[in-house]
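The data block below is input15.pdb; it holds PDB, C-alpha atoms.
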ATOM      1  CA  ASP A   1     146.109  57.424 178.060
ATOM      2  CA  GLN A   2     149.587  57.858 176.630
ATOM      3  CA  GLN A   3     148.246  57.842 173.099
ATOM      4  CA  ARG A   4     145.601  60.377 174.058
ATOM      5  CA  ILE A   5     148.247  62.591 175.669
ATOM      6  CA  LEU A   6     150.508  62.310 172.607
ATOM      7  CA  TRP A   7     147.595  63.100 170.312
ATOM      8  CA  LEU A   8     146.691  66.186 172.313
ATOM      9  CA  ALA A   9     150.358  67.290 172.378
ATOM     10  CA  ARG A  10     151.118  66.524 168.727
ATOM     11  CA  ARG A  11     151.231  70.182 167.707
ATOM     12  CA  SER A  12     153.631  71.041 170.500
ATOM     13  CA  LEU A  13     155.786  68.050 169.632
ATOM     14  CA  ILE A  14     155.827  69.044 165.966
ATOM     15  CA  VAL A  15     156.824  72.589 166.906
ATOM     16  CA  LEU A  16     159.498  71.245 169.251
ATOM     17  CA  ALA A  17     160.876  68.948 166.536
ATOM     18  CA  ALA A  18     160.921  71.834 164.085
ATOM     19  CA  MET A  19     162.742  74.003 166.592
ATOM     20  CA  VAL A  20     165.269  71.244 167.195
ATOM     21  CA  LEU A  21     165.874  70.911 163.462
ATOM     22  CA  VAL A  22     166.225  74.670 163.103
ATOM     23  CA  GLY A  23     168.663  74.743 166.025
ATOM     24  CA  VAL A  24     170.737  71.955 164.498
ATOM     25  CA  ALA A  25     170.734  73.778 161.157
ATOM     26  CA  LEU A  26     171.721  77.050 162.819
ATOM     27  CA  TYR A  27     174.504  75.333 164.733
ATOM     28  CA  GLY A  28     175.818  73.692 161.583
ATOM     29  CA  GLY A  29     175.523  76.905 159.584
ATOM     30  CA  THR A  30     177.247  78.905 162.303
ATOM     31  CA  ASP A  31     180.090  76.412 162.474
ATOM     32  CA  TRP A  32     180.465  76.505 158.677
ATOM     33  CA  LEU A  33     180.427  80.298 158.648
ATOM     34  CA  LYS A  34     182.989  80.321 161.454
ATOM     35  CA  ASP A  35     185.327  78.039 159.504
ATOM     36  CA  ARG A  36     184.854  80.089 156.367
ATOM     37  CA  SER A  37     185.516  83.322 158.279
ATOM     38  CA  ARG A  38     188.687  81.825 159.736
ATOM     39  CA  ALA A  39     189.861  80.803 156.266
ATOM     40  CA  GLN A  40     189.076  84.270 154.893
ATOM     41  CA  LEU A  41     190.824  85.891 157.860
ATOM     42  CA  ALA A  42     193.897  83.729 157.315
ATOM     43  CA  GLN A  43     193.899  84.660 153.616
ATOM     44  CA  VAL A  44     193.552  88.354 154.431
ATOM     45  CA  GLN A  45     196.371  88.040 156.991
ATOM     46  CA  GLN A  46     198.587  86.452 154.369
ATOM     47  CA  GLN A  47     197.798  89.299 151.981
ATOM     48  CA  VAL A  48     198.585  91.834 154.719
ATOM     49  CA  ASP A  49     201.888  90.099 155.488
ATOM     50  CA  ALA A  50     202.747  90.011 151.768
ATOM     51  CA  GLY A  51     201.821  93.687 151.495
ATOM     52  CA  ARG A  52     204.022  94.561 154.454
ATOM     53  CA  ALA A  53     206.919  92.606 152.986
ATOM     54  CA  SER A  54     206.423  94.333 149.632
ATOM     55  CA  LEU A  55     206.230  97.727 151.372
ATOM     56  CA  THR A  56     209.461  97.014 153.260
ATOM     57  CA  LEU A  57     211.148  96.028 150.004
ATOM     58  CA  LEU A  58     209.895  99.167 148.266
ATOM     59  CA  GLN A  59     211.054 101.326 151.161
ATOM     60  CA  GLY A  60     214.509  99.728 150.922
ATOM     61  CA  ASP A  61     214.571 100.348 147.164
ATOM     62  CA  LEU A  62     213.499 103.949 147.747
ATOM     63  CA  ALA A  63     216.248 104.477 150.310
ATOM     64  CA  ASN A  64     218.832 103.007 147.927
ATOM     65  CA  LEU A  65     217.498 105.140 145.089
ATOM     66  CA  GLN A  66     217.669 108.291 147.191
ATOM     67  CA  ALA A  67     221.223 107.448 148.214
ATOM     68  CA  ASP A  68     222.176 106.774 144.580
ATOM     69  CA  VAL A  69     220.551 110.036 143.492
ATOM     70  CA  GLY A  70     222.556 111.848 146.146
ATOM     71  CA  ARG A  71     225.806 110.254 144.997
ATOM     72  CA  PHE A  72     224.913 110.959 141.354
ATOM     73  CA  ALA A  73     224.224 114.610 142.169
ATOM     74  CA  SER A  74     227.529 114.800 144.050
ATOM     75  CA  LEU A  75     229.436 113.339 141.086
ATOM     76  CA  ARG A  76     227.671 115.761 138.748
ATOM     77  CA  GLN A  77     228.618 118.669 140.991
ATOM     78  CA  GLN A  78     232.215 117.466 141.000
ATOM     79  CA  GLY A  79     232.187 117.436 137.192
ATOM     80  CA  MET A  80     232.564 113.686 136.753
ATOM     81  CA  VAL A  81     229.040 113.171 135.358
ATOM     82  CA  GLY A  82     227.797 115.220 132.428
ATOM     83  CA  ARG A  83     229.480 117.078 129.624
ATOM     84  CA  PRO A  84     233.128 117.702 130.585
ATOM     85  CA  ASP A  85     234.294 121.318 130.695
ATOM     86  CA  ARG A  86     237.705 120.666 129.179
ATOM     87  CA  ALA A  87     238.467 124.361 128.699
ATOM     88  CA  ALA A  88     237.988 124.969 132.428
ATOM     89  CA  TRP A  89     240.521 122.217 133.208
ATOM     90  CA  ALA A  90     243.188 124.068 131.252
ATOM     91  CA  GLU A  91     242.244 127.459 132.692
ATOM     92  CA  GLN A  92     242.414 126.129 136.230
ATOM     93  CA  LEU A  93     245.808 124.564 135.503
ATOM     94  CA  VAL A  94     247.226 127.978 134.647
ATOM     95  CA  ALA A  95     245.556 129.543 137.688
ATOM     96  CA  SER A  96     246.982 126.879 140.028
ATOM     97  CA  ARG A  97     250.479 127.444 138.640
ATOM     98  CA  ALA A  98     250.149 131.153 139.366
ATOM     99  CA  ARG A  99     248.862 130.543 142.920
ATOM    100  CA  ALA A 100     251.693 128.099 143.618
ATOM    101  CA  GLY A 101     254.224 130.731 142.515
ATOM    102  CA  LEU A 102     255.907 128.393 140.028
ATOM    103  CA  PRO A 103     258.060 129.642 137.147
ATOM    104  CA  ASP A 104     256.200 130.538 133.965
ATOM    105  CA  SER A 105     257.450 127.383 132.249
ATOM    106  CA  LEU A 106     254.193 125.446 132.138
ATOM    107  CA  SER A 107     253.146 123.789 128.906
ATOM    108  CA  TYR A 108     250.296 121.340 128.534
ATOM    109  CA  THR A 109     248.455 119.222 125.988
ATOM    110  CA  LEU A 110     244.893 118.039 126.563
ATOM    111  CA  GLN A 111     244.440 114.848 124.578
ATOM    112  CA  ALA A 112     241.185 113.960 122.854
ATOM    113  CA  PRO A 113     238.792 111.870 124.952
ATOM    114  CA  ALA A 114     238.892 108.099 124.576
ATOM    115  CA  PRO A 115     236.612 105.294 125.780
ATOM    116  CA  LEU A 116     237.421 104.152 129.286
ATOM    117  CA  ALA A 117     237.786 100.550 128.125
ATOM    118  CA  LEU A 118     240.859 101.492 126.077
ATOM    119  CA  GLN A 119     242.924 102.614 129.081
ATOM    120  CA  ALA A 120     243.678  98.984 130.011
ATOM    121  CA  ALA A 121     245.569  98.240 126.800
ATOM    122  CA  MET A 122     247.830  95.186 126.725
ATOM    123  CA  PRO A 123     251.583  95.987 126.869
ATOM    124  CA  GLY A 124     253.472  95.914 123.608
ATOM    125  CA  ALA A 125     256.416  93.745 122.680
ATOM    126  CA  ASP A 126     258.861  96.276 124.081
ATOM    127  CA  GLY A 127     257.041  96.459 127.412
ATOM    128  CA  ALA A 128     255.467  99.834 126.669
ATOM    129  CA  PRO A 129     251.706 100.099 126.751
ATOM    130  CA  VAL A 130     249.928 100.154 123.417
ATOM    131  CA  GLN A 131     248.537 103.612 122.784
ATOM    132  CA  ALA A 132     244.939 103.456 121.637
ATOM    133  CA  THR A 133     243.838 106.006 119.094
ATOM    134  CA  PRO A 134     241.714 108.567 120.955
ATOM    135  CA  GLN A 135     238.271 109.305 119.619
ATOM    136  CA  SER A 136     236.526 112.592 119.652
ATOM    137  CA  GLY A 137     233.336 113.078 121.671
ATOM    138  CA  SER A 138     230.481 110.669 121.236
ATOM    139  CA  ASP A 139     226.742 111.190 121.486
ATOM    140  CA  ASP A 140     226.190 107.803 123.108
ATOM    141  CA  PRO A 141     224.510 108.326 126.505
ATOM    142  CA  GLY A 142     226.239 106.658 129.418
ATOM    143  CA  ARG A 143     229.622 106.702 127.663
ATOM    144  CA  ALA A 144     232.555 106.570 130.107
ATOM    145  CA  GLU A 145     235.685 108.331 128.865
ATOM    146  CA  PHE A 146     239.109 109.377 130.048
ATOM    147  CA  HIS A 147     240.977 112.553 129.118
ATOM    148  CA  ASP A 148     244.751 112.755 129.474
ATOM    149  CA  LEU A 149     246.164 116.149 130.359
ATOM    150  CA  ASP A 150     249.928 116.100 129.711
ATOM    151  CA  ILE A 151     251.839 118.835 131.549
ATOM    152  CA  VAL A 152     255.491 119.874 131.508
ATOM    153  CA  LEU A 153     257.128 122.082 134.127
ATOM    154  CA  THR A 154     260.785 123.060 134.363
ATOM    155  CA  ASP A 155     262.912 124.548 137.107
ATOM    156  CA  ILE A 156     260.743 123.267 139.962
ATOM    157  CA  HIS A 157     261.302 121.168 143.077
ATOM    158  CA  GLU A 158     259.426 118.112 144.307
ATOM    159  CA  GLN A 159     257.578 119.946 147.069
ATOM    160  CA  GLU A 160     256.518 122.678 144.656
ATOM    161  CA  LEU A 161     255.129 120.075 142.270
ATOM    162  CA  LEU A 162     253.178 118.385 145.056
ATOM    163  CA  ALA A 163     251.759 121.717 146.238
ATOM    164  CA  PHE A 164     250.795 122.606 142.657
ATOM    165  CA  LEU A 165     248.985 119.291 142.097
ATOM    166  CA  SER A 166     247.264 119.547 145.485
ATOM    167  CA  ASP A 167     245.963 123.034 144.700
ATOM    168  CA  TYR A 168     244.823 121.947 141.256
ATOM    169  CA  ARG A 169     242.940 118.948 142.655
ATOM    170  CA  ALA A 170     241.182 121.164 145.201
ATOM    171  CA  GLN A 171     240.131 123.799 142.663
ATOM    172  CA  VAL A 172     239.399 122.017 139.398
ATOM    173  CA  LYS A 173     235.866 120.815 138.648
ATOM    174  CA  GLY A 174     236.601 117.239 137.703
ATOM    175  CA  ARG A 175     237.994 113.975 139.041
ATOM    176  CA  PHE A 176     241.460 112.898 137.963
ATOM    177  CA  ARG A 177     244.419 110.842 139.030
ATOM    178  CA  VAL A 178     248.110 111.357 138.449
ATOM    179  CA  ASN A 179     248.524 108.602 135.893
ATOM    180  CA  ALA A 180     252.251 109.126 135.344
ATOM    181  CA  CYS A 181     254.906 111.543 136.498
ATOM    182  CA  ALA A 182     258.636 111.701 135.816
ATOM    183  CA  LEU A 183     261.242 114.097 137.222
ATOM    184  CA  THR A 184     264.360 114.522 135.107
ATOM    185  CA  ALA A 185     267.110 116.967 134.151
ATOM    186  CA  ARG A 186     268.217 117.988 137.625
ATOM    187  CA  THR A 187     269.953 121.372 137.596
ATOM    188  CA  GLU A 188     270.821 124.072 140.108
ATOM    189  CA  THR A 189     267.437 125.724 139.500
ATOM    190  CA  GLY A 190     265.370 122.580 139.875
ATOM    191  CA  LEU A 191     263.960 119.683 137.895
ATOM    192  CA  SER A 192     261.879 119.080 134.809
ATOM    193  CA  ALA A 193     258.561 117.396 135.519
ATOM    194  CA  ARG A 194     256.466 115.559 132.940
ATOM    195  CA  CYS A 195     253.145 114.356 134.302
ATOM    196  CA  THR A 196     249.914 112.967 132.897
ATOM    197  CA  LEU A 197     246.701 113.809 134.722
ATOM    198  CA  ARG A 198     243.910 111.456 133.704
ATOM    199  CA  PHE A 199     240.377 112.820 134.041
ATOM    200  CA  PHE A 200     237.354 110.520 134.079
ATOM    201  CA  THR A 201     233.875 111.482 132.876
ATOM    202  CA  LEU A 202     230.533 109.803 132.348
ATOM    203  CA  ASP A 203     228.191 111.260 129.753
ATOM    204  CA  ASP A 204     224.622 111.318 131.103
ATOM    205  CA  GLY A 205     223.087 111.970 127.684
ATOM    206  CA  ALA A 206     221.870 115.449 128.639
ATOM    207  CA  PRO A 207     222.137 118.058 125.849
ATOM    208  CA  ALA A 208     225.026 120.428 126.166
ATOM    209  CA  ALA A 209     224.178 123.969 127.257
ATOM    210  CA  LYS A 210     224.189 126.474 124.419
ATOM    211  CA  ALA A 211     226.175 129.631 124.719
ATOM    212  CA  GLN A 212     224.049 132.778 125.027
TER     213      GLN A 212
END
Please go through the file and, once you have read it, give me the structure as structure tokens.
Amino acid sequence: DQQRILWLARRSLIVLAAMVLVGVALYGGTDWLKDRSRAQLAQVQQQVDAGRASLTLLQGDLANLQADVGRFASLRQQGMVGRPDRAAWAEQLVASRARAGLPDSLSYTLQAPAPLALQAAMPGADGAPVQATPQSGSDDPGRAEFHDLDIVLTDIHEQELLAFLSDYRAQVKGRFRVNACALTARTETGLSARCTLRFFTLDDGAPAAKAQ
């Protein structure tokens, strides 16, 4: 009887076995696809994290670049970057003397520009700094130079000199420091002042503007 029953149910048993095999295959395939999807998701997440890190780095670089551009534009506006307007330095010197009400005893000499590296010359045997031979303008872009403006004033007082230098610093288009200053020859009318104003410039390589 059992054999007869099995014989009559053979088709159903075959179908059942086939369905079991298909189910096992589907389960195994689904599990494999799930693992593969997890691996792909992890890889995509890593790429997203790397992209976010790269974006953050680029945003930081952009912020630094914008800040540097702002500082560069400010230095250009102040006359430190670009072609120096040496004639305007001298003109403003005369104008500042007139505004300060100083005696008409101003004389000045604007030395030729020299490479910035030469300002740190080693002292000579007598203790005086070695004077480097200035060089005229260069066409090398990015060249840093200094320009010494030697001024002489007579019959002035210390406060008048300070007011004159303060006005000149506020009005002149350029960045300078008082590199040296000596007050001598005290008389009833005042002192003689010999000062060196050292301007600093950085050539950006841009062509100089042509006069119209």
Residues near range 84-99 of chain A, cut-off 9 Å, all atoms listed in the file, skip fewer than 2 positions along chain, as a list in words =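 Counting only the stated atoms, we get Gly79, Met80, Val81, Gly82, Gly101, Leu102, Pro103, Asp104, Leu106, Tyr108, Thr109, Leu110, His147, Leu149, Phe164, Leu165, Asp167, Tyr168, Gln171, Val172, Lys173, Gly174, Thr201, Leu202 and Asp203 of chain A.
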For CA of Leu183 in chain A and CA of Val152 in chain A, quote the distance in Å rounded to one decimal.
->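 Pair CA of Leu183 in chain A / CA of Val152 in chain A returns 10.0 Å.
Remark: for Ala112 in chain A, the closest of the candidate residues A:Asp35, A:Asp148, A:Asn179, A:Gln43 is A:Asp148 (distances computed over all atoms listed in the file).
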Would you mind listing what lies within 10 Å of Ala117 in chain A as a list of chain:residue names, with all atoms listed in the file counted and same-chain residues fewer than 6 positions away left out?
->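 That gives A:Ala144, A:Glu145, A:Phe146.
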Please indicate the distance in Å from CA of Gln46 in chain A to CA of Leu62 in chain A, rounded to one decimal place.
->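 The value is 23.9 Å.
For the pair CA of Leu191 in chain A and CA of Glu158 in chain A, the interatomic distance is 8.0 Å.
Minimum atom-to-atom distance to Asp150 in chain A, evaluated using all atoms listed in the file, belongs to A:Ala193 out of A:Val15, A:Ala163, A:Ala193, A:Leu41.
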